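The structure appears below as structure tokens.
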Amino acid sequence: MAKPPLSMEPTGWFQVAWSAEITERDVRTMKYFGKEMVAWRSASGVVSVFDAYCEHLGAHLGFGGHVDGENLVCPFHGWEWNGDGRNVCIPYENRPNKGRRIRSYPVVERNEAVWIWYDVEGGAPYFEVPDIFADFGDGRTAADYYPPVPDATLFREGLEMHPQYVMENGVDFAHFKFVHKTPFMPEFTRHDFSGPVSYVDFTIAFDEGATLESATSGVESINAGLGCSVTKSWGMVDNRTMPAVTPVDEYTSDVRFTVWIGRKAGEEDGPMTKYAKTMADFVIEQFAADIHIWSHQRYSDPPALSRKEYQGFTALREWAKQFYPDGGPAGVDPVRPESGAVLAAASSRQEGMTR
């Protein structure tokens with residue numbers, strides 16, 4: 001992938017694990033946003049995510065560190081750090097070191113996943129991770145769906161792609177016919193980019209012979225920043241999905257995808273069935289087709305948009321700027337530096353058309 005003219009450190013919520021992966025008193029190593037990190041679950045079940053190195057002499061807390069009650073204990077000298085990253089015990093001193101603190105990240109466990117809030121400037125969260133059930137307001141709960149983890153998940157590590165590609169997919173009506181082989185291109189019924197949480201709804205069908213006029217199914221999506229999205233399908237196989245792309249370094253991201261399949265009547269409890277697994281695999285297959293393209297994509301800025309594409313893509317990219325420390329791309333494709341002049345000219349023409 002050509003390095004995009006977009007920061008790989010956008011502000012927002014990003015998935016770093018599924019909840020089931022961080023067991024009680026477990027210390028899990030990970031790397032995101034170019035930083036070594038550890039995630040751990042205290043005796044009371046609270047998950048914390050830290051920068052990985054002890055502030056005492058720099059030992060990596062993920063290699064030999066352990067959880068004792070509500071604290072993470074360094075393997076080197078036994079210093080104990082609480083869930084906020086503060087030193088609360090030096091075993092060979094009468095008092096802790098109150099002046100040092102390991103960077104900890106705000107953590108939310110929701111939708112069977114662990115999310116961290118990342119902000120290069122250390123700002124506090126100003127929007128929430130959406131609840132894949134409550135926030136669609138239809139009264140459905142997790143009990144109405146087969147448990148998705150681990151049987152209905154996808155995990156791809158270190159792909160050369162950017163989180164914004166997934167969000168742009170939500171306004172890209174034309175790709176459905178060519179990537180997902182739908183019988184018609186969807187009709188978007190809602191584009192709401194008025195806040196940090198956006199909403200995109202569209203009518204779609206996968207049945208052979210279906211038409212836009214006869215379609216009785218569609219998708220609703222809630223996008224919280226660039227790292228977190230949840231969708232609800234209606235009028236087709238009852239499913240909800242959660243794609244999540246988390247930057248690892250300046251070039252790569254980890255991709256996770258979670259699929260909830262609605263339970264059949266008479267199967268009000270129990271694990272995922274063969275039917276549910278088949279349906280989940282189909283949904284995952286569709287998402288994997290997108291990943292294959294995203295992971296080899298170059299960010300085109302400005303893009304060569306058709307007339308029908310212009311409104312959706314420009315609205316999405318304008319919305320996305322708020323999550324970048326530098327306000328978004330400078331309008332110059334690093335592979336085609338001359339594109340900056342093209343963008344300026346296009347913006348000028350658009351301004352003239354709207355006056």
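Naming works like this for the structure tokens: A, B, ... for the chains as they're shown, residue 1 at the start of each chain, ligands 1 onward in shown order.
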Discussion item. Taking 5 positions as the minimum chain separation for residues in the same chain, which residues sit within 10 Å of Ser194 (chain A) when counting only C-alpha atoms? Answer as a PyMOL selection string.
Written reply: chain A and resi 199+315+319
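With only C-alpha atoms taken into account, the protein and nucleic acid residues at most 12 Å from Thr278 (chain A) (excluding it and anything under 3 positions from it in its own chain) are Asp151, Ala152, Val237, Val259, Ile261, Met272, Thr273, Lys274, Tyr275, Asp281, Phe282, Val283, Ile284 and Glu285 of chain A.
Each of A:Met279, A:Ala17, A:Ala304, A:Ala59 was checked against Gly78 (chain A) using only C-alpha atoms; the smallest atom-to-atom distance is that of A:Ala59.
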If you count only C-alpha atoms, which residues fall within 10 Å of Ala174 (chain A), apart from same-chain ones fewer than 3 positions away, as a tab-separated table (two decimals) with N, CA and C atoms, in the first residue's frame?
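Ended up saving to selection-v5.tsv:
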chain	number	residue	atom	x	y	z
A	169	ASN	N	-16.33	2.84	2.56
A	169	ASN	CA	-17.12	1.77	1.99
A	169	ASN	C	-18.61	2.00	2.23
A	171	VAL	N	-20.32	4.67	2.02
A	171	VAL	CA	-20.98	5.58	1.08
A	171	VAL	C	-20.73	5.17	-0.37
A	177	LYS	N	-22.34	-4.01	-6.33
A	177	LYS	CA	-22.64	-4.83	-7.51
A	177	LYS	C	-21.40	-5.58	-8.02
A	178	PHE	N	-20.25	-4.96	-7.89
A	178	PHE	CA	-19.04	-5.54	-8.48
A	178	PHE	C	-18.24	-6.39	-7.50
A	179	VAL	N	-18.25	-6.03	-6.21
A	179	VAL	CA	-17.52	-6.81	-5.21
A	179	VAL	C	-18.41	-7.88	-4.58
A	184	PHE	N	-28.47	-5.29	-7.82
A	184	PHE	CA	-28.62	-3.88	-8.14
A	184	PHE	C	-27.79	-3.05	-7.16
A	185	MET	N	-27.55	-1.82	-7.51
A	185	MET	CA	-26.83	-0.93	-6.63
A	185	MET	C	-27.79	-0.38	-5.57
A	186	PRO	N	-27.35	-0.28	-4.32
A	186	PRO	CA	-28.27	0.13	-3.25
A	186	PRO	C	-28.68	1.60	-3.37
A	308	LYS	N	-22.72	10.89	-9.31
A	308	LYS	CA	-23.54	10.27	-8.27
A	308	LYS	C	-22.75	10.00	-6.99
A	309	GLU	N	-21.44	9.85	-7.11
A	309	GLU	CA	-20.61	9.53	-5.94
A	309	GLU	C	-20.20	10.76	-5.14
Item to complete: Taking the chain letters and numbering used in this document, name the residues of region 157-210 of chain A that DSSP puts in strand (DSSP E), as a VMD selection string.
Response: chain A and resid 157 to 159 187 to 192 197 to 203
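Checking A:Asp192, A:Asp144, A:Val38, A:Asp68 one by one against Gln311 (chain A), counting only C-alpha atoms, you find the shortest gap at A:Asp192.
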Practice prompt. Return the single residue from A:Pro147, A:Gly64, A:Gly218, A:Gly327 that is closest to Ala20 (chain A), with distances computed using only C-alpha atoms.
Written response: A:Pro147
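Using only C-alpha atoms, the contacts of Phe155 (chain A) at a cut-off of 12 Å, with sequence neighbours closer than 6 positions omitted, comprise Gln15, Val16, Ala17, Trp18, Val149, Met242, Pro243, Ala244, Val245, Thr246, Ser253, Asp254, Val255, Arg256, Phe257, Thr258, Ile284, Phe287, Ala288 and Ile291 of chain A.
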Given the selection you just returned, output its residues as a file containing N, CA, C and O atoms, formatted as an mmCIF file, in the first residue's frame.
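again_23.cif written:
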data_model
loop_
_atom_site.group_PDB
_atom_site.id
_atom_site.type_symbol
_atom_site.label_atom_id
_atom_site.label_comp_id
_atom_site.auth_asym_id
_atom_site.auth_seq_id
_atom_site.Cartn_x
_atom_site.Cartn_y
_atom_site.Cartn_z
ATOM 1 N N GLN A 15 -10.732 -1.125 18.683
ATOM 2 C CA GLN A 15 -10.761 -2.444 19.305
ATOM 3 C C GLN A 15 -9.355 -3.022 19.366
ATOM 4 O O GLN A 15 -8.629 -3.047 18.369
ATOM 5 N N VAL A 16 -8.967 -3.522 20.539
ATOM 6 C CA VAL A 16 -7.644 -4.120 20.702
ATOM 7 C C VAL A 16 -7.725 -5.602 21.052
ATOM 8 O O VAL A 16 -6.689 -6.283 21.090
ATOM 9 N N ALA A 17 -8.931 -6.106 21.315
ATOM 10 C CA ALA A 17 -9.108 -7.524 21.633
ATOM 11 C C ALA A 17 -10.587 -7.825 21.723
ATOM 12 O O ALA A 17 -11.421 -6.913 21.781
ATOM 13 N N TRP A 18 -10.929 -9.112 21.714
ATOM 14 C CA TRP A 18 -12.244 -9.528 22.158
ATOM 15 C C TRP A 18 -12.160 -9.764 23.653
ATOM 16 O O TRP A 18 -11.116 -10.185 24.171
ATOM 17 N N VAL A 149 -18.439 -15.021 19.499
ATOM 18 C CA VAL A 149 -17.011 -15.249 19.750
ATOM 19 C C VAL A 149 -16.819 -16.656 20.321
ATOM 20 O O VAL A 149 -17.479 -17.026 21.288
ATOM 21 N N MET A 242 -19.870 -6.008 13.295
ATOM 22 C CA MET A 242 -19.013 -4.992 13.909
ATOM 23 C C MET A 242 -17.614 -5.069 13.295
ATOM 24 O O MET A 242 -16.776 -5.835 13.738
ATOM 25 N N PRO A 243 -17.359 -4.279 12.253
ATOM 26 C CA PRO A 243 -16.003 -4.174 11.719
ATOM 27 C C PRO A 243 -15.183 -3.202 12.558
ATOM 28 O O PRO A 243 -15.712 -2.197 13.048
ATOM 29 N N ALA A 244 -13.911 -3.505 12.740
ATOM 30 C CA ALA A 244 -13.035 -2.632 13.526
ATOM 31 C C ALA A 244 -11.629 -2.699 12.953
ATOM 32 O O ALA A 244 -11.076 -3.786 12.791
ATOM 33 N N VAL A 245 -11.069 -1.536 12.653
ATOM 34 C CA VAL A 245 -9.708 -1.448 12.111
ATOM 35 C C VAL A 245 -8.881 -0.588 13.049
ATOM 36 O O VAL A 245 -9.228 0.559 13.322
ATOM 37 N N THR A 246 -7.764 -1.161 13.545
ATOM 38 C CA THR A 246 -6.937 -0.476 14.532
ATOM 39 C C THR A 246 -5.506 -0.352 14.016
ATOM 40 O O THR A 246 -4.857 -1.371 13.734
ATOM 41 N N SER A 253 -2.476 -2.055 9.848
ATOM 42 C CA SER A 253 -3.570 -2.107 10.816
ATOM 43 C C SER A 253 -3.966 -3.560 11.045
ATOM 44 O O SER A 253 -3.752 -4.423 10.184
ATOM 45 N N ASP A 254 -4.570 -3.816 12.207
ATOM 46 C CA ASP A 254 -5.231 -5.087 12.469
ATOM 47 C C ASP A 254 -6.718 -4.920 12.191
ATOM 48 O O ASP A 254 -7.300 -3.874 12.511
ATOM 49 N N VAL A 255 -7.314 -5.929 11.603
ATOM 50 C CA VAL A 255 -8.720 -5.889 11.252
ATOM 51 C C VAL A 255 -9.462 -6.982 12.020
ATOM 52 O O VAL A 255 -9.053 -8.148 12.011
ATOM 53 N N ARG A 256 -10.541 -6.598 12.678
ATOM 54 C CA ARG A 256 -11.422 -7.554 13.352
ATOM 55 C C ARG A 256 -12.842 -7.366 12.830
ATOM 56 O O ARG A 256 -13.255 -6.261 12.492
ATOM 57 N N PHE A 257 -13.575 -8.472 12.802
ATOM 58 C CA PHE A 257 -14.947 -8.441 12.323
ATOM 59 C C PHE A 257 -15.739 -9.456 13.138
ATOM 60 O O PHE A 257 -15.325 -10.604 13.293
ATOM 61 N N THR A 258 -16.860 -9.020 13.695
ATOM 62 C CA THR A 258 -17.676 -9.860 14.553
ATOM 63 C C THR A 258 -19.095 -9.895 14.004
ATOM 64 O O THR A 258 -19.639 -8.852 13.625
ATOM 65 N N ILE A 284 -19.100 -13.082 6.700
ATOM 66 C CA ILE A 284 -17.652 -12.878 6.801
ATOM 67 C C ILE A 284 -16.998 -12.933 5.422
ATOM 68 O O ILE A 284 -16.086 -12.154 5.110
ATOM 69 N N PHE A 287 -17.325 -9.593 3.788
ATOM 70 C CA PHE A 287 -16.401 -8.610 4.348
ATOM 71 C C PHE A 287 -14.962 -8.891 3.907
ATOM 72 O O PHE A 287 -14.193 -7.967 3.617
ATOM 73 N N ALA A 288 -14.598 -10.168 3.832
ATOM 74 C CA ALA A 288 -13.248 -10.538 3.401
ATOM 75 C C ALA A 288 -12.983 -10.082 1.965
ATOM 76 O O ALA A 288 -11.842 -9.760 1.614
ATOM 77 N N ILE A 291 -11.843 -6.612 2.299
ATOM 78 C CA ILE A 291 -10.495 -6.556 2.865
ATOM 79 C C ILE A 291 -9.446 -6.800 1.787
ATOM 80 O O ILE A 291 -8.391 -6.150 1.754
#
Worksheet item: What lies within 8 Å of Glu70 (chain A) using only C-alpha atoms, ignoring chain neighbours under 5 positions off, as a VMD selection string?
Response: chain A and resid 42 to 44 82 to 83
Discussion item. So that I can see what lies close to Gly312 (chain A), please list as number ranges by chain the residues with an atom at most 12 Å from it, counting only C-alpha atoms and leaving out residues fewer than 4 positions away in the same chain.
Written reply: A: 167-174, 187-193, 200, 305-308, 316-319
Could you please take those selected residues and save C-alpha atoms as an mmCIF file, in the first residue's frame?
data_model
loop_
_atom_site.group_PDB
_atom_site.id
_atom_site.type_symbol
_atom_site.label_atom_id
_atom_site.label_comp_id
_atom_site.auth_asym_id
_atom_site.auth_seq_id
_atom_site.Cartn_x
_atom_site.Cartn_y
_atom_site.Cartn_z
ATOM 1 C CA MET A 167 -15.879 4.124 6.550
ATOM 2 C CA GLU A 168 -15.675 5.160 2.896
ATOM 3 C CA ASN A 169 -17.117 1.770 1.986
ATOM 4 C CA GLY A 170 -20.322 2.896 3.696
ATOM 5 C CA VAL A 171 -20.985 5.577 1.078
ATOM 6 C CA ASP A 172 -19.668 3.588 -1.891
ATOM 7 C CA PHE A 173 -22.912 2.377 -3.474
ATOM 8 C CA ALA A 174 -21.277 1.217 -6.729
ATOM 9 C CA GLU A 187 -30.228 3.278 -2.582
ATOM 10 C CA PHE A 188 -28.968 5.307 0.358
ATOM 11 C CA THR A 189 -31.805 6.502 2.572
ATOM 12 C CA ARG A 190 -29.737 8.286 5.215
ATOM 13 C CA HIS A 191 -26.387 10.068 5.368
ATOM 14 C CA ASP A 192 -25.987 11.918 8.665
ATOM 15 C CA PHE A 193 -22.490 13.287 9.305
ATOM 16 C CA VAL A 200 -25.602 5.611 7.092
ATOM 17 C CA LEU A 305 -15.587 10.723 -8.501
ATOM 18 C CA SER A 306 -18.606 10.314 -10.719
ATOM 19 C CA ARG A 307 -21.494 12.734 -10.347
ATOM 20 C CA LYS A 308 -23.538 10.265 -8.268
ATOM 21 C CA LEU A 316 -17.642 11.399 4.498
ATOM 22 C CA ARG A 317 -14.156 12.820 3.981
ATOM 23 C CA GLU A 318 -15.130 16.171 5.434
ATOM 24 C CA TRP A 319 -16.575 14.372 8.482
#
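Closest approach to Pro75 (chain A) among A:Tyr324, A:Trp117, A:Gly139, A:His56 is made by A:His56 (distances from only C-alpha atoms).
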